[in-house]
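What's in start10.cif: mmCIF, C-alpha atoms, pLDDT in the B column; chains and numbers go by the auth columns
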```
data_data
loop_
_atom_site.group_PDB
_atom_site.id
_atom_site.type_symbol
_atom_site.label_atom_id
_atom_site.label_comp_id
_atom_site.label_asym_id
_atom_site.label_seq_id
_atom_site.Cartn_x
_atom_site.Cartn_y
_atom_site.Cartn_z
_atom_site.B_iso_or_equiv
_atom_site.auth_seq_id
_atom_site.auth_asym_id
ATOM 1 C CA MET A 1 -10.623 -16.848 6.150 67.00 1 A
ATOM 2 C CA PRO A 2 -12.877 -14.566 4.075 93.00 2 A
ATOM 3 C CA TYR A 3 -12.504 -14.424 0.319 94.00 3 A
ATOM 4 C CA LEU A 4 -14.392 -12.837 -2.523 95.00 4 A
ATOM 5 C CA VAL A 5 -14.097 -13.248 -6.268 95.00 5 A
ATOM 6 C CA ASN A 6 -13.568 -10.259 -8.519 94.00 6 A
ATOM 7 C CA HIS A 7 -13.751 -11.172 -12.221 89.00 7 A
ATOM 8 C CA GLN A 8 -12.554 -14.729 -11.553 94.00 8 A
ATOM 9 C CA VAL A 9 -9.692 -13.672 -9.270 97.00 9 A
ATOM 10 C CA LYS A 10 -10.069 -14.747 -5.643 98.00 10 A
ATOM 11 C CA ILE A 11 -9.120 -12.005 -3.175 98.00 11 A
ATOM 12 C CA HIS A 12 -8.342 -12.751 0.447 98.00 12 A
ATOM 13 C CA PHE A 13 -8.987 -10.197 3.177 98.00 13 A
ATOM 14 C CA GLN A 14 -9.170 -10.020 6.964 98.00 14 A
ATOM 15 C CA GLN A 15 -11.002 -7.796 9.433 97.00 15 A
ATOM 16 C CA LEU A 16 -9.972 -6.915 12.966 96.00 16 A
ATOM 17 C CA GLY A 17 -11.076 -4.413 15.592 94.00 17 A
ATOM 18 C CA GLU A 18 -13.873 -1.896 15.846 93.00 18 A
ATOM 19 C CA GLY A 19 -14.271 1.744 14.908 93.00 19 A
ATOM 20 C CA PRO A 20 -14.008 3.707 11.660 94.00 20 A
ATOM 21 C CA PRO A 21 -13.090 1.436 8.727 96.00 21 A
ATOM 22 C CA LEU A 22 -9.444 1.583 7.633 97.00 22 A
ATOM 23 C CA VAL A 23 -8.250 -0.383 4.600 98.00 23 A
ATOM 24 C CA LEU A 24 -4.611 -1.527 4.759 98.00 24 A
ATOM 25 C CA GLN A 25 -2.904 -2.388 1.463 98.00 25 A
ATOM 26 C CA HIS A 26 0.616 -3.842 1.619 98.00 26 A
ATOM 27 C CA GLY A 27 3.618 -3.410 -0.656 97.00 27 A
ATOM 28 C CA PHE A 28 5.180 -5.546 -3.364 98.00 28 A
ATOM 29 C CA SER A 29 6.084 -9.138 -2.385 97.00 29 A
ATOM 30 C CA ASP A 30 4.478 -8.684 1.045 97.00 30 A
ATOM 31 C CA SER A 31 1.065 -9.710 2.398 97.00 31 A
ATOM 32 C CA ILE A 32 -1.402 -9.022 5.203 98.00 32 A
ATOM 33 C CA SER A 33 1.102 -10.634 7.593 96.00 33 A
ATOM 34 C CA GLY A 34 3.420 -7.666 7.174 96.00 34 A
ATOM 35 C CA TRP A 35 0.983 -5.359 8.967 97.00 35 A
ATOM 36 C CA TYR A 36 1.162 -7.642 12.006 96.00 36 A
ATOM 37 C CA GLU A 37 4.928 -8.115 11.941 94.00 37 A
ATOM 38 C CA ALA A 38 5.761 -4.436 11.601 94.00 38 A
ATOM 39 C CA GLY A 39 3.458 -3.471 14.478 95.00 39 A
ATOM 40 C CA TRP A 40 0.754 -1.604 12.568 97.00 40 A
ATOM 41 C CA VAL A 41 -2.056 -3.892 13.723 97.00 41 A
ATOM 42 C CA LYS A 42 -1.067 -3.541 17.370 96.00 42 A
ATOM 43 C CA ARG A 43 -1.013 0.255 17.131 95.00 43 A
ATOM 44 C CA LEU A 44 -4.081 0.752 14.943 95.00 44 A
ATOM 45 C CA GLY A 45 -6.387 -2.114 15.935 94.00 45 A
ATOM 46 C CA ARG A 46 -7.503 -0.294 19.087 91.00 46 A
ATOM 47 C CA HIS A 47 -8.775 2.660 17.073 91.00 47 A
ATOM 48 C CA PHE A 48 -10.035 1.296 13.750 94.00 48 A
ATOM 49 C CA ARG A 49 -11.903 -1.516 12.130 96.00 49 A
ATOM 50 C CA LEU A 50 -8.963 -2.781 10.101 97.00 50 A
ATOM 51 C CA ILE A 51 -9.701 -4.253 6.671 98.00 51 A
ATOM 52 C CA MET A 52 -6.511 -5.860 5.378 98.00 52 A
ATOM 53 C CA ILE A 53 -6.352 -7.092 1.789 98.00 53 A
ATOM 54 C CA ASP A 54 -3.900 -9.498 0.158 98.00 54 A
ATOM 55 C CA ALA A 55 -3.289 -7.847 -3.217 98.00 55 A
ATOM 56 C CA ARG A 56 -3.746 -10.091 -6.240 98.00 56 A
ATOM 57 C CA GLY A 57 -0.555 -12.041 -6.828 98.00 57 A
ATOM 58 C CA HIS A 58 0.271 -11.977 -3.109 98.00 58 A
ATOM 59 C CA GLY A 59 -0.492 -13.756 0.148 97.00 59 A
ATOM 60 C CA LEU A 60 -3.558 -15.979 0.021 97.00 60 A
ATOM 61 C CA SER A 61 -5.139 -14.226 -2.964 98.00 61 A
ATOM 62 C CA ASP A 62 -5.052 -15.758 -6.433 98.00 62 A
ATOM 63 C CA LYS A 63 -1.848 -15.313 -8.393 98.00 63 A
ATOM 64 C CA PRO A 64 -2.484 -14.765 -12.111 98.00 64 A
ATOM 65 C CA HIS A 65 0.522 -15.046 -14.401 98.00 65 A
ATOM 66 C CA ALA A 66 -0.750 -12.648 -17.098 98.00 66 A
ATOM 67 C CA PRO A 67 0.453 -9.006 -16.905 98.00 67 A
ATOM 68 C CA ASP A 68 -3.003 -7.792 -17.968 97.00 68 A
ATOM 69 C CA ALA A 69 -4.390 -9.097 -14.679 98.00 69 A
ATOM 70 C CA TYR A 70 -2.321 -6.504 -12.793 98.00 70 A
ATOM 71 C CA ASP A 71 -3.657 -3.417 -14.502 97.00 71 A
ATOM 72 C CA LEU A 72 -4.208 -0.728 -11.875 98.00 72 A
ATOM 73 C CA SER A 73 -7.920 -0.624 -12.625 97.00 73 A
ATOM 74 C CA HIS A 74 -8.236 -4.300 -11.614 98.00 74 A
ATOM 75 C CA ARG A 75 -6.338 -3.735 -8.380 98.00 75 A
ATOM 76 C CA VAL A 76 -8.547 -0.767 -7.515 98.00 76 A
ATOM 77 C CA ASP A 77 -11.631 -2.811 -8.318 98.00 77 A
ATOM 78 C CA ASP A 78 -10.434 -5.481 -5.875 98.00 78 A
ATOM 79 C CA VAL A 79 -10.493 -2.893 -3.077 98.00 79 A
ATOM 80 C CA LEU A 80 -13.868 -1.517 -4.116 98.00 80 A
ATOM 81 C CA THR A 81 -15.317 -5.018 -4.290 97.00 81 A
ATOM 82 C CA VAL A 82 -14.147 -5.744 -0.744 98.00 82 A
ATOM 83 C CA ILE A 83 -15.629 -2.578 0.729 98.00 83 A
ATOM 84 C CA ASP A 84 -18.827 -2.985 -1.310 97.00 84 A
ATOM 85 C CA THR A 85 -19.178 -6.541 -0.022 96.00 85 A
ATOM 86 C CA LEU A 86 -18.794 -5.234 3.525 97.00 86 A
ATOM 87 C CA GLY A 87 -21.471 -2.607 2.896 97.00 87 A
ATOM 88 C CA LEU A 88 -19.126 0.340 3.430 98.00 88 A
ATOM 89 C CA GLU A 89 -19.744 3.586 1.596 97.00 89 A
ATOM 90 C CA ARG A 90 -16.545 5.383 2.636 97.00 90 A
ATOM 91 C CA VAL A 91 -13.294 4.223 4.223 97.00 91 A
ATOM 92 C CA HIS A 92 -9.946 5.458 5.434 96.00 92 A
ATOM 93 C CA PHE A 93 -7.118 4.042 3.317 97.00 93 A
ATOM 94 C CA LEU A 94 -3.477 3.328 4.194 98.00 94 A
ATOM 95 C CA GLY A 95 -1.194 1.886 1.539 98.00 95 A
ATOM 96 C CA TYR A 96 2.559 1.424 1.402 98.00 96 A
ATOM 97 C CA SER A 97 4.623 1.384 -1.804 98.00 97 A
ATOM 98 C CA MET A 98 2.639 -0.832 -4.221 98.00 98 A
ATOM 99 C CA GLY A 99 -0.286 -0.505 -1.819 98.00 99 A
ATOM 100 C CA GLY A 100 0.064 3.255 -2.074 98.00 100 A
ATOM 101 C CA TRP A 101 -0.001 2.954 -5.856 98.00 101 A
ATOM 102 C CA ILE A 102 -3.330 1.171 -5.508 98.00 102 A
ATOM 103 C CA GLY A 103 -4.456 3.975 -3.194 98.00 103 A
ATOM 104 C CA LEU A 104 -3.585 6.549 -5.855 98.00 104 A
ATOM 105 C CA GLY A 105 -5.701 4.599 -8.322 97.00 105 A
ATOM 106 C CA LEU A 106 -8.547 4.540 -5.826 97.00 106 A
ATOM 107 C CA ALA A 107 -8.283 8.297 -5.267 96.00 107 A
ATOM 108 C CA GLN A 108 -8.318 8.842 -9.009 95.00 108 A
ATOM 109 C CA ALA A 109 -11.224 6.510 -9.782 95.00 109 A
ATOM 110 C CA ALA A 110 -13.434 6.877 -6.704 96.00 110 A
ATOM 111 C CA PRO A 111 -12.409 9.831 -4.498 95.00 111 A
ATOM 112 C CA HIS A 112 -15.918 9.968 -3.049 95.00 112 A
ATOM 113 C CA ARG A 113 -15.282 6.621 -1.317 97.00 113 A
ATOM 114 C CA LEU A 114 -12.415 7.997 0.797 96.00 114 A
ATOM 115 C CA LEU A 115 -12.619 9.441 4.293 94.00 115 A
ATOM 116 C CA SER A 116 -8.862 9.938 4.314 94.00 116 A
ATOM 117 C CA LEU A 117 -5.855 8.804 2.304 96.00 117 A
ATOM 118 C CA THR A 118 -2.467 7.815 3.747 97.00 118 A
ATOM 119 C CA LEU A 119 0.275 6.833 1.308 98.00 119 A
ATOM 120 C CA GLY A 120 3.814 5.723 2.078 98.00 120 A
ATOM 121 C CA GLY A 121 6.774 5.580 -0.286 98.00 121 A
ATOM 122 C CA ILE A 122 4.805 6.392 -3.446 98.00 122 A
ATOM 123 C CA HIS A 123 4.039 9.240 -5.848 98.00 123 A
ATOM 124 C CA PRO A 124 1.889 9.592 -8.992 98.00 124 A
ATOM 125 C CA TYR A 125 4.566 10.595 -11.508 97.00 125 A
ATOM 126 C CA GLY A 126 5.232 7.186 -13.018 96.00 126 A
ATOM 127 C CA GLN A 127 7.948 4.683 -12.179 96.00 127 A
ATOM 128 C CA ASP A 128 10.400 2.518 -14.072 97.00 128 A
ATOM 129 C CA MET A 129 9.784 -0.996 -12.757 97.00 129 A
ATOM 130 C CA SER A 130 12.777 -2.603 -14.501 97.00 130 A
ATOM 131 C CA PRO A 131 14.769 -2.896 -11.225 95.00 131 A
ATOM 132 C CA TYR A 132 11.930 -4.999 -9.854 96.00 132 A
ATOM 133 C CA ARG A 133 11.782 -7.067 -13.041 97.00 133 A
ATOM 134 C CA ARG A 134 15.494 -7.766 -12.810 96.00 134 A
ATOM 135 C CA GLY A 135 15.184 -8.448 -9.097 95.00 135 A
ATOM 136 C CA VAL A 136 12.614 -11.219 -9.416 96.00 136 A
ATOM 137 C CA ALA A 137 13.937 -12.678 -12.678 95.00 137 A
ATOM 138 C CA HIS A 138 16.120 -15.256 -10.926 93.00 138 A
ATOM 139 C CA GLY A 139 13.689 -16.344 -8.249 95.00 139 A
ATOM 140 C CA MET A 140 12.564 -15.430 -4.783 96.00 140 A
ATOM 141 C CA ASP A 141 15.769 -16.325 -2.943 95.00 141 A
ATOM 142 C CA ASP A 142 17.664 -13.718 -4.952 95.00 142 A
ATOM 143 C CA TRP A 143 14.863 -11.171 -4.494 95.00 143 A
ATOM 144 C CA ALA A 144 14.876 -11.725 -0.724 94.00 144 A
ATOM 145 C CA LYS A 145 18.639 -11.153 -0.667 93.00 145 A
ATOM 146 C CA LEU A 146 18.226 -7.889 -2.569 92.00 146 A
ATOM 147 C CA VAL A 147 15.547 -6.701 -0.142 91.00 147 A
ATOM 148 C CA GLN A 148 17.743 -7.622 2.810 90.00 148 A
ATOM 149 C CA GLN A 149 20.733 -5.786 1.320 88.00 149 A
ATOM 150 C CA ALA A 150 18.642 -2.712 0.527 83.00 150 A
ATOM 151 C CA ALA A 151 17.408 -2.596 4.124 82.00 151 A
ATOM 152 C CA GLU A 152 20.930 -3.119 5.477 81.00 152 A
ATOM 153 C CA GLY A 153 19.730 -6.277 7.201 75.00 153 A
ATOM 154 C CA ARG A 154 17.230 -4.401 9.372 79.00 154 A
ATOM 155 C CA ILE A 155 14.139 -6.440 8.563 83.00 155 A
ATOM 156 C CA PRO A 156 12.809 -9.531 10.356 86.00 156 A
ATOM 157 C CA ALA A 157 13.840 -13.007 9.270 89.00 157 A
ATOM 158 C CA SER A 158 10.145 -13.913 9.120 89.00 158 A
ATOM 159 C CA THR A 159 9.624 -11.201 6.503 90.00 159 A
ATOM 160 C CA LEU A 160 12.386 -12.658 4.348 92.00 160 A
ATOM 161 C CA GLN A 161 10.866 -16.113 4.729 93.00 161 A
ATOM 162 C CA ARG A 162 7.514 -14.781 3.541 93.00 162 A
ATOM 163 C CA ILE A 163 9.138 -13.058 0.576 95.00 163 A
ATOM 164 C CA ARG A 164 10.803 -16.319 -0.453 96.00 164 A
ATOM 165 C CA ALA A 165 7.404 -18.057 -0.429 95.00 165 A
ATOM 166 C CA ASN A 166 6.008 -15.843 -3.207 97.00 166 A
ATOM 167 C CA ASP A 167 5.104 -17.114 -6.671 97.00 167 A
ATOM 168 C CA PRO A 168 7.891 -15.732 -8.913 97.00 168 A
ATOM 169 C CA GLN A 169 5.774 -15.839 -12.073 97.00 169 A
ATOM 170 C CA ALA A 170 2.994 -13.849 -10.419 98.00 170 A
ATOM 171 C CA LEU A 171 5.391 -11.210 -9.123 98.00 171 A
ATOM 172 C CA ALA A 172 7.084 -10.976 -12.515 98.00 172 A
ATOM 173 C CA ALA A 173 3.685 -10.384 -14.113 98.00 173 A
ATOM 174 C CA ALA A 174 2.829 -7.755 -11.491 98.00 174 A
ATOM 175 C CA VAL A 175 5.841 -5.631 -12.497 98.00 175 A
ATOM 176 C CA ALA A 176 5.929 -6.522 -16.186 98.00 176 A
ATOM 177 C CA ARG A 177 4.895 -2.971 -17.097 97.00 177 A
ATOM 178 C CA ASP A 178 6.172 0.359 -15.882 98.00 178 A
ATOM 179 C CA ARG A 179 3.812 2.476 -13.815 97.00 179 A
ATOM 180 C CA PRO A 180 2.381 5.299 -15.914 96.00 180 A
ATOM 181 C CA ALA A 181 1.962 8.799 -14.539 97.00 181 A
ATOM 182 C CA LEU A 182 -1.456 9.362 -12.972 96.00 182 A
ATOM 183 C CA LYS A 183 -3.016 12.702 -13.781 89.00 183 A
ATOM 184 C CA GLY A 184 -5.294 13.306 -10.823 79.00 184 A
ATOM 185 C CA PRO A 185 -6.639 16.062 -10.710 83.00 185 A
ATOM 186 C CA TRP A 186 -4.966 15.944 -7.321 92.00 186 A
ATOM 187 C CA ASN A 187 -5.742 19.546 -6.394 88.00 187 A
ATOM 188 C CA GLN A 188 -9.424 18.587 -6.266 88.00 188 A
ATOM 189 C CA LEU A 189 -8.950 15.724 -3.789 91.00 189 A
ATOM 190 C CA ARG A 190 -10.607 17.113 -0.667 87.00 190 A
ATOM 191 C CA CYS A 191 -10.240 14.341 1.899 91.00 191 A
ATOM 192 C CA PRO A 192 -7.410 14.669 4.469 93.00 192 A
ATOM 193 C CA CYS A 193 -4.193 13.161 3.104 95.00 193 A
ATOM 194 C CA LEU A 194 -1.022 11.996 4.824 96.00 194 A
ATOM 195 C CA LEU A 195 2.152 11.182 2.898 98.00 195 A
ATOM 196 C CA PHE A 196 5.248 9.588 4.400 98.00 196 A
ATOM 197 C CA ALA A 197 8.621 8.321 3.257 98.00 197 A
ATOM 198 C CA GLY A 198 12.008 7.500 4.718 97.00 198 A
ATOM 199 C CA THR A 199 14.660 10.195 4.625 97.00 199 A
ATOM 200 C CA HIS A 200 16.916 7.749 2.727 95.00 200 A
ATOM 201 C CA ASP A 201 14.199 6.706 0.275 96.00 201 A
ATOM 202 C CA PRO A 202 15.187 7.804 -3.258 96.00 202 A
ATOM 203 C CA LEU A 203 11.495 8.522 -3.883 97.00 203 A
ATOM 204 C CA LEU A 204 11.341 11.172 -1.140 98.00 204 A
ATOM 205 C CA PRO A 205 11.816 14.189 -3.488 98.00 205 A
ATOM 206 C CA GLN A 206 8.843 13.087 -5.596 98.00 206 A
ATOM 207 C CA VAL A 207 6.780 12.458 -2.461 98.00 207 A
ATOM 208 C CA GLU A 208 7.634 15.968 -1.283 98.00 208 A
ATOM 209 C CA ARG A 209 6.627 17.363 -4.667 97.00 209 A
ATOM 210 C CA PHE A 210 3.331 15.503 -4.509 97.00 210 A
ATOM 211 C CA SER A 211 2.589 16.864 -1.027 96.00 211 A
ATOM 212 C CA HIS A 212 2.426 20.359 -2.532 94.00 212 A
ATOM 213 C CA GLU A 213 -0.185 19.266 -5.061 93.00 213 A
ATOM 214 C CA LEU A 214 -2.652 17.985 -2.472 92.00 214 A
ATOM 215 C CA PRO A 215 -4.658 20.724 -0.756 86.00 215 A
ATOM 216 C CA GLU A 216 -5.263 18.629 2.373 81.00 216 A
ATOM 217 C CA ALA A 217 -1.857 16.933 2.649 91.00 217 A
ATOM 218 C CA GLN A 218 0.574 16.508 5.521 94.00 218 A
ATOM 219 C CA LEU A 219 4.053 15.040 5.013 97.00 219 A
ATOM 220 C CA VAL A 220 5.982 12.931 7.525 97.00 220 A
ATOM 221 C CA ARG A 221 9.634 12.085 6.930 98.00 221 A
ATOM 222 C CA ILE A 222 10.746 8.874 8.657 97.00 222 A
ATOM 223 C CA GLU A 223 14.251 9.579 9.919 96.00 223 A
ATOM 224 C CA ASP A 224 17.102 7.164 9.216 94.00 224 A
ATOM 225 C CA ALA A 225 14.974 4.878 7.029 94.00 225 A
ATOM 226 C CA ASP A 226 15.108 3.814 3.400 93.00 226 A
ATOM 227 C CA HIS A 227 12.167 2.613 1.320 94.00 227 A
ATOM 228 C CA THR A 228 11.963 -0.781 3.007 92.00 228 A
ATOM 229 C CA GLN A 229 12.766 0.294 6.562 93.00 229 A
ATOM 230 C CA ALA A 230 10.139 3.066 6.728 95.00 230 A
ATOM 231 C CA PHE A 231 7.384 0.461 6.751 96.00 231 A
ATOM 232 C CA PHE A 232 8.795 -1.000 9.965 94.00 232 A
ATOM 233 C CA LYS A 233 8.504 2.287 11.895 95.00 233 A
ATOM 234 C CA PRO A 234 4.777 2.760 12.509 96.00 234 A
ATOM 235 C CA ALA A 235 5.434 4.482 15.842 95.00 235 A
ATOM 236 C CA ARG A 236 6.676 7.500 13.893 95.00 236 A
ATOM 237 C CA LEU A 237 3.480 7.782 11.859 95.00 237 A
ATOM 238 C CA VAL A 238 0.556 6.550 13.959 94.00 238 A
ATOM 239 C CA PRO A 239 0.163 9.663 16.177 94.00 239 A
ATOM 240 C CA THR A 240 -0.168 11.847 13.078 93.00 240 A
ATOM 241 C CA LEU A 241 -2.523 9.307 11.511 91.00 241 A
ATOM 242 C CA LEU A 242 -4.790 9.429 14.558 91.00 242 A
ATOM 243 C CA GLU A 243 -4.864 13.220 14.306 88.00 243 A
ATOM 244 C CA LEU A 244 -5.829 12.810 10.655 83.00 244 A
ATOM 245 C CA LEU A 245 -8.767 10.655 11.706 78.00 245 A
ATOM 246 C CA GLN A 246 -10.016 13.431 13.966 74.00 246 A
ATOM 247 C CA LEU A 247 -9.610 15.945 11.137 64.00 247 A
ATOM 248 C CA SER A 248 -11.509 13.716 8.723 65.00 248 A
ATOM 249 C CA LYS A 249 -14.664 13.919 10.838 62.00 249 A
ATOM 250 C CA GLY A 250 -15.220 17.365 9.443 49.00 250 A
ATOM 251 C CA HIS A 251 -15.172 15.980 5.916 47.00 251 A
ATOM 252 C CA VAL A 252 -17.804 13.255 6.300 43.00 252 A
#
```
Using the file provided, produce a representation of the structure as structure tokens.
Amino acid sequence: MPYLVNHQVKIHFQQLGEGPPLVLQHGFSDSISGWYEAGWVKRLGRHFRLIMIDARGHGLSDKPHAPDAYDLSHRVDDVLTVIDTLGLERVHFLGYSMGGWIGLGLAQAAPHRLLSLTLGGIHPYGQDMSPYRRGVAHGMDDWAKLVQQAAEGRIPASTLQRIRANDPQALAAAVARDRPALKGPWNQLRCPCLLFAGTHDPLLPQVERFSHELPEAQLVRIEDADHTQAFFKPARLVPTLLELLQLSKGHV
């Protein structure tokens, strides 16, 4: 299992497949395994060289307990360190929820490294993270129950088991601070962009707003899905994502 160390934090990543490089960055309390379980790897591995990263605090990466360790700049640097180590100048990026937040940071800090940007269930206008802080305050069993309730029970038992295995102190540190608004300038981001969110996701209006600020953006609404469930419906997004790949060839 490949690892690298970024400023004393060990980051775990995996590679699979051949083709244009696509970085996959998971959401809060998930890991690389989620991309397999939800079917993304099966649908994308035939078309891309997948580079899947366990975000700090998650999966097999190190799990610092200090909130400072989860500054967005550090999370972005983790991604850049992985792709630099692999000798990649530019990559496609797909991030969901927290992973999309990292993608926004990457687009802000290093837009020249992106071939395309796909973000699910996220926007750049800032976010109150207190519901997450309350959710993890009493341990991972309670957090798993909240996730299951929010998804109306429509997530795999294996996902809940993985959520329960998280380090509660690391996850608490990861959401110890609210997400500040990111300024962009988004209207100057020239790589093809794809945004998606569930039609029952309370963040959808902000995602729709953001789609109008990106000159190269497409928006996909995942029908009959909330914030958690949208991740488990890759079949709805992958055809549009493959079209985006074709479009991005004109931007290389």
Open item on the list: To test your reading of the syntax: which residues would the PyMOL selection byres ((chain A and resi 103) around 8) return for the file shown? Reply as a PyMOL selection string.
Closed with: chain A and resi 76+93-95+99-102+104-107+117+119
TODO: Excluding A:Gly39 and residues on its chain fewer than 3 positions from it, collect all residues at most 9 Å away from it, counting all atoms listed in the file, and give them as a PyMOL selection string.
DONE: chain A and resi 34-36+42-44+232-235
Return as JSON lines the residues of stretch 9-88 of chain A lying at most 9 Å from stretch 108-113 of chain A, together with the closest atom-to-atom pair for each and the distance in Å to one decimal, counting only C-alpha atoms, with rows in chain order and ascending residue number.
```
{"residue": "A:Ser73", "atom": "CA", "partner": "A:Ala109", "partner_atom": "CA", "distance": 8.4}
{"residue": "A:Val76", "atom": "CA", "partner": "A:Ala109", "partner_atom": "CA", "distance": 8.1}
{"residue": "A:Leu80", "atom": "CA", "partner": "A:Arg113", "partner_atom": "CA", "distance": 8.7}
{"residue": "A:Leu88", "atom": "CA", "partner": "A:Arg113", "partner_atom": "CA", "distance": 8.8}
```
Considering only C-alpha atoms, give me a table of residues in stretch 42-151 of chain A that are at most 7 Å from stretch 164-174 of chain A, with the closest atom pair and distance in Å for each, as JSON lines.
```
{"residue": "A:Gly57", "atom": "CA", "partner": "A:Ala170", "partner_atom": "CA", "distance": 5.4}
{"residue": "A:His58", "atom": "CA", "partner": "A:Asn166", "partner_atom": "CA", "distance": 6.9}
{"residue": "A:Lys63", "atom": "CA", "partner": "A:Ala170", "partner_atom": "CA", "distance": 5.4}
{"residue": "A:Pro64", "atom": "CA", "partner": "A:Ala170", "partner_atom": "CA", "distance": 5.8}
{"residue": "A:His65", "atom": "CA", "partner": "A:Ala170", "partner_atom": "CA", "distance": 4.8}
{"residue": "A:Ala66", "atom": "CA", "partner": "A:Ala173", "partner_atom": "CA", "distance": 5.8}
{"residue": "A:Pro67", "atom": "CA", "partner": "A:Ala173", "partner_atom": "CA", "distance": 4.5}
{"residue": "A:Tyr70", "atom": "CA", "partner": "A:Ala174", "partner_atom": "CA", "distance": 5.5}
{"residue": "A:Arg133", "atom": "CA", "partner": "A:Ala172", "partner_atom": "CA", "distance": 6.1}
{"residue": "A:Val136", "atom": "CA", "partner": "A:Ala172", "partner_atom": "CA", "distance": 6.3}
{"residue": "A:Gly139", "atom": "CA", "partner": "A:Pro168", "partner_atom": "CA", "distance": 5.9}
{"residue": "A:Met140", "atom": "CA", "partner": "A:Arg164", "partner_atom": "CA", "distance": 4.8}
{"residue": "A:Asp141", "atom": "CA", "partner": "A:Arg164", "partner_atom": "CA", "distance": 5.6}
{"residue": "A:Ala144", "atom": "CA", "partner": "A:Arg164", "partner_atom": "CA", "distance": 6.1}
```
Prev. selection, C-alpha atoms, output as a PDB file, keeping the file's coordinate frame:
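Now in part.pdb:
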```
ATOM      1  CA  GLY A  57      -0.555 -12.041  -6.828  1.00 98.00           C
ATOM      2  CA  HIS A  58       0.271 -11.977  -3.109  1.00 98.00           C
ATOM      3  CA  LYS A  63      -1.848 -15.313  -8.393  1.00 98.00           C
ATOM      4  CA  PRO A  64      -2.484 -14.765 -12.111  1.00 98.00           C
ATOM      5  CA  HIS A  65       0.522 -15.046 -14.401  1.00 98.00           C
ATOM      6  CA  ALA A  66      -0.750 -12.648 -17.098  1.00 98.00           C
ATOM      7  CA  PRO A  67       0.453  -9.006 -16.905  1.00 98.00           C
ATOM      8  CA  TYR A  70      -2.321  -6.504 -12.793  1.00 98.00           C
ATOM      9  CA  ARG A 133      11.782  -7.067 -13.041  1.00 97.00           C
ATOM     10  CA  VAL A 136      12.614 -11.219  -9.416  1.00 96.00           C
ATOM     11  CA  GLY A 139      13.689 -16.344  -8.249  1.00 95.00           C
ATOM     12  CA  MET A 140      12.564 -15.430  -4.783  1.00 96.00           C
ATOM     13  CA  ASP A 141      15.769 -16.325  -2.943  1.00 95.00           C
ATOM     14  CA  ALA A 144      14.876 -11.725  -0.724  1.00 94.00           C
TER      15      ALA A 144
END
```
Open item on the list: Residue by residue, what does the PyMOL selection byres ((chain A and resi 242) around 12) grab here? Present the result as an MDAnalysis selection string.
Closed with: chainID A and resid 20 22 43:48 92 116 118 192 194 234:241 243:249
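Nearest to A:Val79 of all the residues A:Ile222, A:Ala38, A:Ala55, A:Ala181 is A:Ala55, based on only C-alpha atoms.
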For a cutoff of 10 Å around the file-coordinate point (4.4, 10.8, 1.0), which residues qualify once you count all atoms listed in the file? I'd like the result as an mmCIF file with C-alpha atoms, in the frame of the given file.
```cif
data_model
loop_
_atom_site.group_PDB
_atom_site.id
_atom_site.type_symbol
_atom_site.label_atom_id
_atom_site.label_comp_id
_atom_site.auth_asym_id
_atom_site.auth_seq_id
_atom_site.Cartn_x
_atom_site.Cartn_y
_atom_site.Cartn_z
ATOM 1 C CA TYR A 96 2.559 1.424 1.402
ATOM 2 C CA SER A 97 4.623 1.384 -1.804
ATOM 3 C CA GLY A 100 0.064 3.255 -2.074
ATOM 4 C CA THR A 118 -2.467 7.815 3.747
ATOM 5 C CA LEU A 119 0.275 6.833 1.308
ATOM 6 C CA GLY A 120 3.814 5.723 2.078
ATOM 7 C CA GLY A 121 6.774 5.580 -0.286
ATOM 8 C CA ILE A 122 4.805 6.392 -3.446
ATOM 9 C CA HIS A 123 4.039 9.240 -5.848
ATOM 10 C CA CYS A 193 -4.193 13.161 3.104
ATOM 11 C CA LEU A 194 -1.022 11.996 4.824
ATOM 12 C CA LEU A 195 2.152 11.182 2.898
ATOM 13 C CA PHE A 196 5.248 9.588 4.400
ATOM 14 C CA ALA A 197 8.621 8.321 3.257
ATOM 15 C CA GLY A 198 12.008 7.500 4.718
ATOM 16 C CA LEU A 203 11.495 8.522 -3.883
ATOM 17 C CA LEU A 204 11.341 11.172 -1.140
ATOM 18 C CA PRO A 205 11.816 14.189 -3.488
ATOM 19 C CA GLN A 206 8.843 13.087 -5.596
ATOM 20 C CA VAL A 207 6.780 12.458 -2.461
ATOM 21 C CA GLU A 208 7.634 15.968 -1.283
ATOM 22 C CA ARG A 209 6.627 17.363 -4.667
ATOM 23 C CA PHE A 210 3.331 15.503 -4.509
ATOM 24 C CA SER A 211 2.589 16.864 -1.027
ATOM 25 C CA ALA A 217 -1.857 16.933 2.649
ATOM 26 C CA GLN A 218 0.574 16.508 5.521
ATOM 27 C CA LEU A 219 4.053 15.040 5.013
ATOM 28 C CA VAL A 220 5.982 12.931 7.525
ATOM 29 C CA ARG A 221 9.634 12.085 6.930
#
```
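Between atom CA of A:Leu60 and atom CA of A:Ile11 the separation is 7.5 Å.
Proximity of A:Gln127, A:Ser158, A:Asn6, A:Ser29 to A:Asp84, computed with only C-alpha atoms, is greatest for A:Asn6.
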Open item on the list: Under the PyMOL selection byres ((chain A and resi 155) around 12), which residues of this model are included? Write them out as a ChimeraX atom specification.
Closed with: /A:34,37-38,144-154,156-163,225-233
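Closest approach to A:His200 among A:Ser33, A:Phe28, A:Asp54, A:Glu223: A:Glu223, based on only C-alpha atoms.
Closest approach to A:Glu213 among A:Tyr3, A:Tyr125, A:Thr199, A:Pro131 is made by A:Tyr125 (distances from all atoms listed in the file).
Pairwise distance (atom CA of A:Val5, atom CA of A:Val82) equals 9.3 Å.
Going from atom CA of A:Val91 to atom CA of A:Ser61 covers 21.4 Å.
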Open item on the list: Calculated over all atoms listed in the file, which of the candidates A:Asp224, A:Lys10, A:Val41, A:Leu16 has the smallest distance to A:Arg75?
Closed with: A:Lys10
